Amino acid sequence: MSALQESSALVQVRDLKVHFPIRKGIMRRQVGAVRAVDGVSFDIFKGETLGLVGESGCGKSTTGLAILRLIDMTSGQVVFEDQDISTLPESQLRAMRRRMMMIFQDPYSSLNPRMTVNSIIIEPLNVFKIGEPRERAARVQELMSLVGLNPAFANRYPHEFSGGQRQRIGIARALATNPSFIVGDEPISALDVSIQAQVVNLLSDLKQQLNLTYLFIGHDLSMVRYISNRVAVMYLGRVVELSNRDAIFDHPLHPYTRSLLSAVPIANPKRERARQRIILQGDVPSPAKPPSGCRFHPRCPFATQECSAIDPEMRNLAPADTAPHWVACHHAEKFV
Amino acid sequence: MSQLLQIKNLKVTFRSDGALIRAVNGISYSVDEGESIAIVGESGSGKSVGVMALMGLIPNPPGKIESGEVFFKGRDLLKASSAELRAIRGKEIAMVFQDPMTSLNPVLPVGLQLTEAIQAHMGLDKDQARERAIKMLALTGLPNPEQRIKDFPFQFSGGQRQRIMIAMALVCTPDLLIADEPTTALDVTIQAQIVELMRELQSELGMAIIWISHNLGLVAGVVTRVIVMYSGFIVEQAPVDDLYERPLHPYTLGLLHAVPHVDVNSQNRLASIEGMPPDLRKPISGCPFAPRCPYRIEKCAELPPLFDAGDGRQSACWRWQELQTATTFGETL
């Protein structure tokens, strides 16, 4: 997919695969593999937010972890700031790590309960030896004000904060080393609705202020639409559709995207009742035994014989001179 | 339609580390036969505690029902003996819980868990009970129920487990089904399947449903009436269309503005509700939402009653009339 390449890409992911071995018997022989991520390619441009959506088990979180090399990839390539980090040895990778950070889903389990807020936020500064020790303390105060926490609370413990405030601590920790790229793995889904909006607004303010690039992994599609510039839809370890936010949400071309969007409830009873729902049959198949051909064909209302035999290629179906609209479906022309 | 359930001035407290937590502060509402209502609120709003109390499922201690009456078909459930309650629970009032994995017994086949209730409540023998269980599972759309009835919970997917929970709840054809966030643990496509299923089953079996949810979007299409709770108080109650069109409480208004819509392209900044819910350990004086409310006035230091706003609407806001008459609501106030 050479057409995907653009000069302004901060992160380039090429044919990324993460397979987890299944072992059996006393010899622990490998009898198969869970293909959590099975050939994913996309770019993340400087200054954009790429939304990554899909159902649980589709591999979206694994993709995020593999891009940051927090888990080992089986094959493929990840280029970050023009450097191939997929094969970089750990010693050289360390220098890159401070440029790419992660915000986790659960603000309750991702903060050490026995560390104060100060020691949580200062830890990356100590690890990467950024600044003099005195400057680091001042940096913590600055980061706390940046994310909307009272710096006077630096000596408190995580349990003294609410869920939304804890997520702010996690964001401050991620920002400590001045990264250019942040992966947010469902960073708001554990929060109450009235708190979610606060954190989302904070994330977009910080993006403006600090020139950040986000990979926003989420399953709440309305929030993904709100926060993203482009959106990639994953199904069973593959990206099935990728385009500009509005193209994905207003003119989805993949049958899976169409059913996924039609399943999202809308907080408006009249529009909600008037909607056409596409309700999918069955569950997501096991990624250890993905279906033949197009992986979505057993649940797809438009599946033909071709779909069960031939794995569809990613194709750009956008008209010339417009932003590309990538889709992996034999019958996507139906919806153009 | 006649009244099925009536709750009057229910108050529930919990004791924790010497502090008194006021979980539910005198709520009153009713449900008609065959009606479908929603109770919406964030965590800690008391939405689940309120219905647990009517099922007699509040652990005591630490929980305590301080006052109130719960009439179900004319009987006060809070005065019923535990034997009487046992006869009602599962038979006349049934419940579907949030997490189908933890609410099914992992070491018993699902068939056994289904037939247990049938045998206890309907006086059928083993074979008849099995037949009924299979029929109910088929009704919820579980493929191959004759075979799968012997399987254990871990052999099912999340969506299938929730179907089993629904079958279990409906197996004695209850008059009232309480669905406590039944789809929260599920993916959005499976969530749509389950919501659709519950809608179909309701029109087929005719039971009343109380949906408990934190998601205003989810309940918009499935209920006729919505109750909004905040820190143990009912702050608003209205027919579904009116509530979304013109909320009469600033909290409801804030919730509606805080969520983006998947079918609308919005570049506007999300209107967040600043601050956070009050600490339930501290006694609340005045309107519980006042500290976060952009429309706060001096009067709000006094606890507002639940005003009757006509057309089946209620609001616990001193300024509800202004919200009702404002031309572009939420902005002119």
# chains A, B, ... in the order shown; residues from 1 in each chain; ligands from 1

$ select_by_dssp --residues "range 177-323 of chain A" --states "alpha helix (DSSP H)" --output "ChimeraX atom specification"
/A:193-210,221-227,245-250,255-262,269-274,305-309

$ residues_around --residues "Val264 in chain B" --least-positions-apart "3" --cutoff "12 Å" --atoms "only C-alpha atoms" --output "list in words"
Leu221, Ser222, Met223, Arg225, Tyr226, Arg245, Asp246, Phe249, Asp250, Ile266, Ala267, Asn268 and Arg271 of chain A; Val259, Pro260, His261, Gln267 and Asn268 of chain B

$ interface_residues --of "chain A" --to "chain B" --cutoff "9 Å" --atoms "only C-alpha atoms" --output "JSON, numbers by chain"
{"A": [54, 55, 56, 162, 164, 192, 193, 194, 195, 196, 197, 198, 199, 200, 201, 219, 220, 221, 222, 223, 224, 225, 226, 246, 249, 250, 259, 260, 261, 262, 263, 264, 265, 266, 267, 268, 269, 270, 271, 272, 273, 277, 279, 280, 281, 282, 283]}

$ residues_around --residues "Ala36 in chain A" --least-positions-apart "3" --cutoff "6 Å" --atoms "only C-alpha atoms" --output "list in words"
Val18, His19, Gly59 and Gly237 of chain A

$ write_last_selection --atoms "all heavy atoms" --output "compact mmCIF listing (two decimals), in the first residue's frame"
# COMPACT_ATOMS: atom_id res chain seq x y z
N VAL A 18 0.85 -9.42 15.45
CA VAL A 18 1.14 -9.90 16.80
C VAL A 18 0.37 -11.20 16.99
O VAL A 18 -0.85 -11.19 17.01
CB VAL A 18 0.73 -8.88 17.88
CG1 VAL A 18 1.09 -9.39 19.26
CG2 VAL A 18 1.34 -7.52 17.62
N HIS A 19 1.10 -12.29 17.08
CA HIS A 19 0.47 -13.59 17.29
C HIS A 19 0.87 -14.11 18.66
O HIS A 19 2.06 -14.07 19.02
CB HIS A 19 0.91 -14.60 16.22
CG HIS A 19 0.43 -14.25 14.85
ND1 HIS A 19 0.68 -15.01 13.76
CD2 HIS A 19 -0.31 -13.20 14.40
CE1 HIS A 19 0.12 -14.47 12.68
NE2 HIS A 19 -0.47 -13.35 13.05
N GLY A 59 -8.32 -6.61 18.54
CA GLY A 59 -6.89 -6.36 18.46
C GLY A 59 -6.51 -4.89 18.53
O GLY A 59 -5.36 -4.54 18.30
N GLY A 237 -8.44 -8.51 14.06
CA GLY A 237 -7.01 -8.40 13.77
C GLY A 237 -6.65 -7.65 12.52
O GLY A 237 -5.48 -7.54 12.17

$ atom_distance --atom1 "CA of Leu125 in chain A" --atom2 "CA of Ala176 in chain A"
6.7 Å

$ select_by_dssp --residues "range 57-135 of chain A" --states "strand (DSSP E)" --output "number ranges by chain"
A: 75-80, 83-84, 100-103

$ write_last_selection --atoms "N, CA, C and O atoms" --output "short mmCIF file (atom, residue, chain, number, x, y, z; two decimals), in the first residue's frame"
data_model
loop_
_atom_site.label_atom_id
_atom_site.label_comp_id
_atom_site.auth_asym_id
_atom_site.auth_seq_id
_atom_site.Cartn_x
_atom_site.Cartn_y
_atom_site.Cartn_z
N SER A 75 5.77 -9.80 13.47
CA SER A 75 6.45 -9.31 12.28
C SER A 75 5.88 -7.96 11.94
O SER A 75 4.91 -7.51 12.55
N GLY A 76 6.46 -7.31 10.95
CA GLY A 76 5.98 -6.00 10.54
C GLY A 76 6.96 -4.92 10.92
O GLY A 76 8.04 -5.19 11.44
N GLN A 77 6.55 -3.69 10.65
CA GLN A 77 7.45 -2.57 10.80
C GLN A 77 6.70 -1.40 11.41
O GLN A 77 5.56 -1.12 11.04
N VAL A 78 7.34 -0.73 12.37
CA VAL A 78 6.79 0.51 12.91
C VAL A 78 7.87 1.57 12.81
O VAL A 78 8.97 1.41 13.35
N VAL A 79 7.58 2.64 12.07
CA VAL A 79 8.52 3.74 11.92
C VAL A 79 7.98 4.91 12.72
O VAL A 79 6.85 5.35 12.51
N PHE A 80 8.81 5.41 13.65
CA PHE A 80 8.38 6.52 14.49
C PHE A 80 9.42 7.62 14.36
O PHE A 80 10.61 7.38 14.54
N GLN A 83 12.41 6.79 12.27
CA GLN A 83 13.30 5.74 12.70
C GLN A 83 12.53 4.44 12.85
O GLN A 83 11.46 4.42 13.47
N ASP A 84 13.05 3.37 12.27
CA ASP A 84 12.39 2.07 12.39
C ASP A 84 12.61 1.54 13.81
O ASP A 84 13.74 1.20 14.18
N MET A 100 7.22 8.81 23.18
CA MET A 100 5.91 8.18 22.94
C MET A 100 5.39 7.57 24.24
O MET A 100 6.07 6.81 24.88
N MET A 101 4.21 7.97 24.61
CA MET A 101 3.70 7.59 25.92
C MET A 101 2.28 7.03 25.80
O MET A 101 1.66 7.10 24.75
N MET A 102 1.80 6.50 26.91
CA MET A 102 0.50 5.85 26.89
C MET A 102 -0.36 6.35 28.06
O MET A 102 0.15 6.59 29.15
N ILE A 103 -1.65 6.51 27.79
CA ILE A 103 -2.62 6.76 28.86
C ILE A 103 -3.52 5.54 28.92
O ILE A 103 -4.06 5.11 27.90
#

$ residues_around --residues "Phe161 in chain A" --least-positions-apart "4" --cutoff "12 Å" --atoms "only C-alpha atoms" --output "list in words"
Pro107, Tyr108, Leu111, Pro113, Thr116, Val117, Leu149, Asn150, Phe153, Ala154, Asn155, Arg156, Tyr157, Gln165, Arg166, Gln167, Arg168, Ile169 and Gly170 of chain A; Met276 and Asp279 of chain B

$ atom_distance --atom1 "CA of Met95 in chain B" --atom2 "CA of Arg281 in chain B"
28.6 Å

$ residues_around --residues "Ala332 in chain A" --least-positions-apart "2" --cutoff "12 Å" --atoms "only C-alpha atoms" --output "VMD selection string"
chain A and resid 240 to 241 251 to 258 302 to 303 307 312 to 318 325 to 330 334 to 336

$ write_last_selection --atoms "N, CA, C and O atoms" --output "tab-separated table (two decimals), in the first residue's frame"
chain	number	residue	atom	x	y	z
A	240	VAL	N	-10.37	-2.87	8.54
A	240	VAL	CA	-11.26	-3.11	7.41
A	240	VAL	C	-11.66	-1.82	6.70
A	240	VAL	O	-12.09	-1.84	5.56
A	241	GLU	N	-11.53	-0.68	7.39
A	241	GLU	CA	-11.88	0.58	6.75
A	241	GLU	C	-11.10	1.70	7.41
A	241	GLU	O	-10.89	1.69	8.63
A	251	HIS	N	-20.57	8.18	5.46
A	251	HIS	CA	-20.66	7.30	4.29
A	251	HIS	C	-19.81	6.06	4.49
A	251	HIS	O	-18.85	5.85	3.74
A	252	PRO	N	-20.12	5.24	5.48
A	252	PRO	CA	-19.31	4.04	5.69
A	252	PRO	C	-19.46	3.09	4.51
A	252	PRO	O	-20.55	2.96	3.95
A	253	LEU	N	-18.36	2.46	4.12
A	253	LEU	CA	-18.38	1.59	2.94
A	253	LEU	C	-18.28	0.11	3.30
A	253	LEU	O	-18.56	-0.75	2.47
A	254	HIS	N	-17.83	-0.20	4.49
A	254	HIS	CA	-17.70	-1.61	4.86
A	254	HIS	C	-18.96	-2.05	5.62
A	254	HIS	O	-19.40	-1.34	6.52
A	255	PRO	N	-19.51	-3.22	5.26
A	255	PRO	CA	-20.74	-3.66	5.95
A	255	PRO	C	-20.55	-3.74	7.47
A	255	PRO	O	-21.50	-3.49	8.22
A	256	TYR	N	-19.35	-4.05	7.92
A	256	TYR	CA	-19.13	-4.12	9.36
A	256	TYR	C	-19.23	-2.73	10.00
A	256	TYR	O	-19.89	-2.55	11.01
A	257	THR	N	-18.59	-1.74	9.38
A	257	THR	CA	-18.68	-0.38	9.89
A	257	THR	C	-20.13	0.08	9.93
A	257	THR	O	-20.58	0.71	10.88
A	258	ARG	N	-20.86	-0.27	8.86
A	258	ARG	CA	-22.27	0.16	8.79
A	258	ARG	C	-23.09	-0.41	9.93
A	258	ARG	O	-23.89	0.29	10.55
A	302	PHE	N	-24.20	-9.32	3.22
A	302	PHE	CA	-23.97	-9.22	1.78
A	302	PHE	C	-23.00	-10.27	1.26
A	302	PHE	O	-22.55	-10.19	0.12
A	303	ALA	N	-22.63	-11.24	2.11
A	303	ALA	CA	-21.57	-12.17	1.73
A	303	ALA	C	-21.98	-13.03	0.54
A	303	ALA	O	-23.12	-13.48	0.43
A	307	CYS	N	-16.59	-14.01	-1.13
A	307	CYS	CA	-16.16	-13.53	0.18
A	307	CYS	C	-15.59	-14.64	1.04
A	307	CYS	O	-14.69	-14.41	1.84
A	312	PRO	N	-10.28	-10.02	0.87
A	312	PRO	CA	-10.31	-8.77	0.11
A	312	PRO	C	-9.11	-7.87	0.41
A	312	PRO	O	-8.65	-7.79	1.54
A	313	GLU	N	-8.60	-7.24	-0.64
A	313	GLU	CA	-7.50	-6.28	-0.52
A	313	GLU	C	-8.05	-4.95	-0.02
A	313	GLU	O	-9.21	-4.63	-0.23
A	314	MET	N	-7.16	-4.13	0.58
A	314	MET	CA	-7.52	-2.75	0.90
A	314	MET	C	-7.57	-1.96	-0.40
A	314	MET	O	-6.62	-1.98	-1.18
A	315	ARG	N	-8.69	-1.29	-0.68
A	315	ARG	CA	-8.81	-0.50	-1.90
A	315	ARG	C	-9.21	0.92	-1.55
A	315	ARG	O	-9.98	1.13	-0.61
A	316	ASN	N	-8.73	1.87	-2.31
A	316	ASN	CA	-9.14	3.25	-2.12
A	316	ASN	C	-10.30	3.56	-3.04
A	316	ASN	O	-10.15	3.56	-4.25
A	317	LEU	N	-11.48	3.81	-2.46
A	317	LEU	CA	-12.66	4.04	-3.29
A	317	LEU	C	-13.08	5.51	-3.33
A	317	LEU	O	-14.15	5.84	-3.82
A	318	ALA	N	-12.24	6.39	-2.79
A	318	ALA	CA	-12.60	7.81	-2.81
A	318	ALA	C	-12.42	8.34	-4.23
A	318	ALA	O	-11.53	7.90	-4.95
A	325	HIS	N	-10.22	6.87	0.89
A	325	HIS	CA	-11.16	6.12	1.70
A	325	HIS	C	-10.85	4.63	1.47
A	325	HIS	O	-11.24	4.06	0.47
A	326	TRP	N	-10.09	4.07	2.40
A	326	TRP	CA	-9.64	2.69	2.25
A	326	TRP	C	-10.68	1.75	2.81
A	326	TRP	O	-11.20	1.96	3.89
A	327	VAL	N	-10.95	0.68	2.03
A	327	VAL	CA	-11.91	-0.30	2.52
A	327	VAL	C	-11.51	-1.69	2.01
A	327	VAL	O	-11.05	-1.83	0.88
A	328	ALA	N	-11.67	-2.69	2.86
A	328	ALA	CA	-11.35	-4.06	2.47
A	328	ALA	C	-12.64	-4.85	2.37
A	328	ALA	O	-13.06	-5.51	3.32
A	329	CYS	N	-13.31	-4.72	1.21
A	329	CYS	CA	-14.58	-5.44	1.00
A	329	CYS	C	-14.77	-5.61	-0.51
A	329	CYS	O	-14.55	-4.68	-1.27
A	330	HIS	N	-15.19	-6.82	-0.92
A	330	HIS	CA	-15.42	-7.07	-2.35
A	330	HIS	C	-16.61	-6.29	-2.88
A	330	HIS	O	-16.70	-6.03	-4.07
A	334	LYS	N	-21.18	-1.10	-3.72
A	334	LYS	CA	-22.60	-1.01	-3.41
A	334	LYS	C	-22.97	0.23	-2.61
A	334	LYS	O	-24.07	0.74	-2.72
A	335	PHE	N	-22.06	0.65	-1.75
A	335	PHE	CA	-22.41	1.72	-0.82
A	335	PHE	C	-21.82	3.07	-1.20
A	335	PHE	O	-21.96	4.04	-0.49
A	336	VAL	N	-21.08	3.11	-2.34
A	336	VAL	CA	-20.47	4.39	-2.73
A	336	VAL	C	-21.57	5.36	-3.15
A	336	VAL	O	-22.45	4.99	-3.91

$ residues_around --residues "range 73-77 of chain B" --least-positions-apart "4" --cutoff "10 Å" --atoms "only C-alpha atoms" --output "list of chain:residue names"
B:Ser2, B:Gln3, B:Leu4, B:Leu5, B:Gln6, B:Ile7, B:Glu33, B:Ala53, B:Leu54, B:Met55, B:Gly56, B:Gly68, B:Glu69, B:Ser81, B:Ser82, B:Glu84, B:Leu85, B:Ile88, B:Glu92, B:Asp175

$ write_last_selection --atoms "C-alpha atoms" --output "CSV table (one decimal), in the first residue's frame"
chain,number,residue,atom,x,y,z
B,2,SER,CA,-53.3,-0.1,36.6
B,3,GLN,CA,-50.5,0.6,39.0
B,4,LEU,CA,-48.1,-2.3,39.5
B,5,LEU,CA,-45.4,-0.8,41.8
B,6,GLN,CA,-45.5,2.2,43.9
B,7,ILE,CA,-42.6,3.5,45.9
B,33,GLU,CA,-48.4,-2.7,34.4
B,53,ALA,CA,-34.3,-2.2,48.4
B,54,LEU,CA,-37.6,-3.2,46.9
B,55,MET,CA,-36.3,-6.7,46.2
B,56,GLY,CA,-35.2,-7.0,49.8
B,68,GLY,CA,-40.6,4.3,53.1
B,69,GLU,CA,-43.2,2.0,51.6
B,81,SER,CA,-41.4,-11.7,55.7
B,82,SER,CA,-38.4,-13.1,54.0
B,84,GLU,CA,-43.0,-14.0,51.4
B,85,LEU,CA,-40.3,-12.1,49.6
B,88,ILE,CA,-42.1,-13.0,45.0
B,92,GLU,CA,-43.3,-12.0,40.1
B,175,ASP,CA,-44.9,-9.0,36.1

$ closest_residue --among "A:Ala95, A:Leu65, A:Leu212, A:Ile217" --to "Lys129 in chain A" --atoms "only C-alpha atoms"
A:Ala95

$ residues_around --residues "Leu242 in chain A" --least-positions-apart "4" --cutoff "9 Å" --atoms "only C-alpha atoms" --output "PyMOL selection string"
chain A and resi 42+230-233+248+324-327

$ atom_distance --atom1 "CA of Val40 in chain B" --atom2 "CA of Val228 in chain B"
4.9 Å
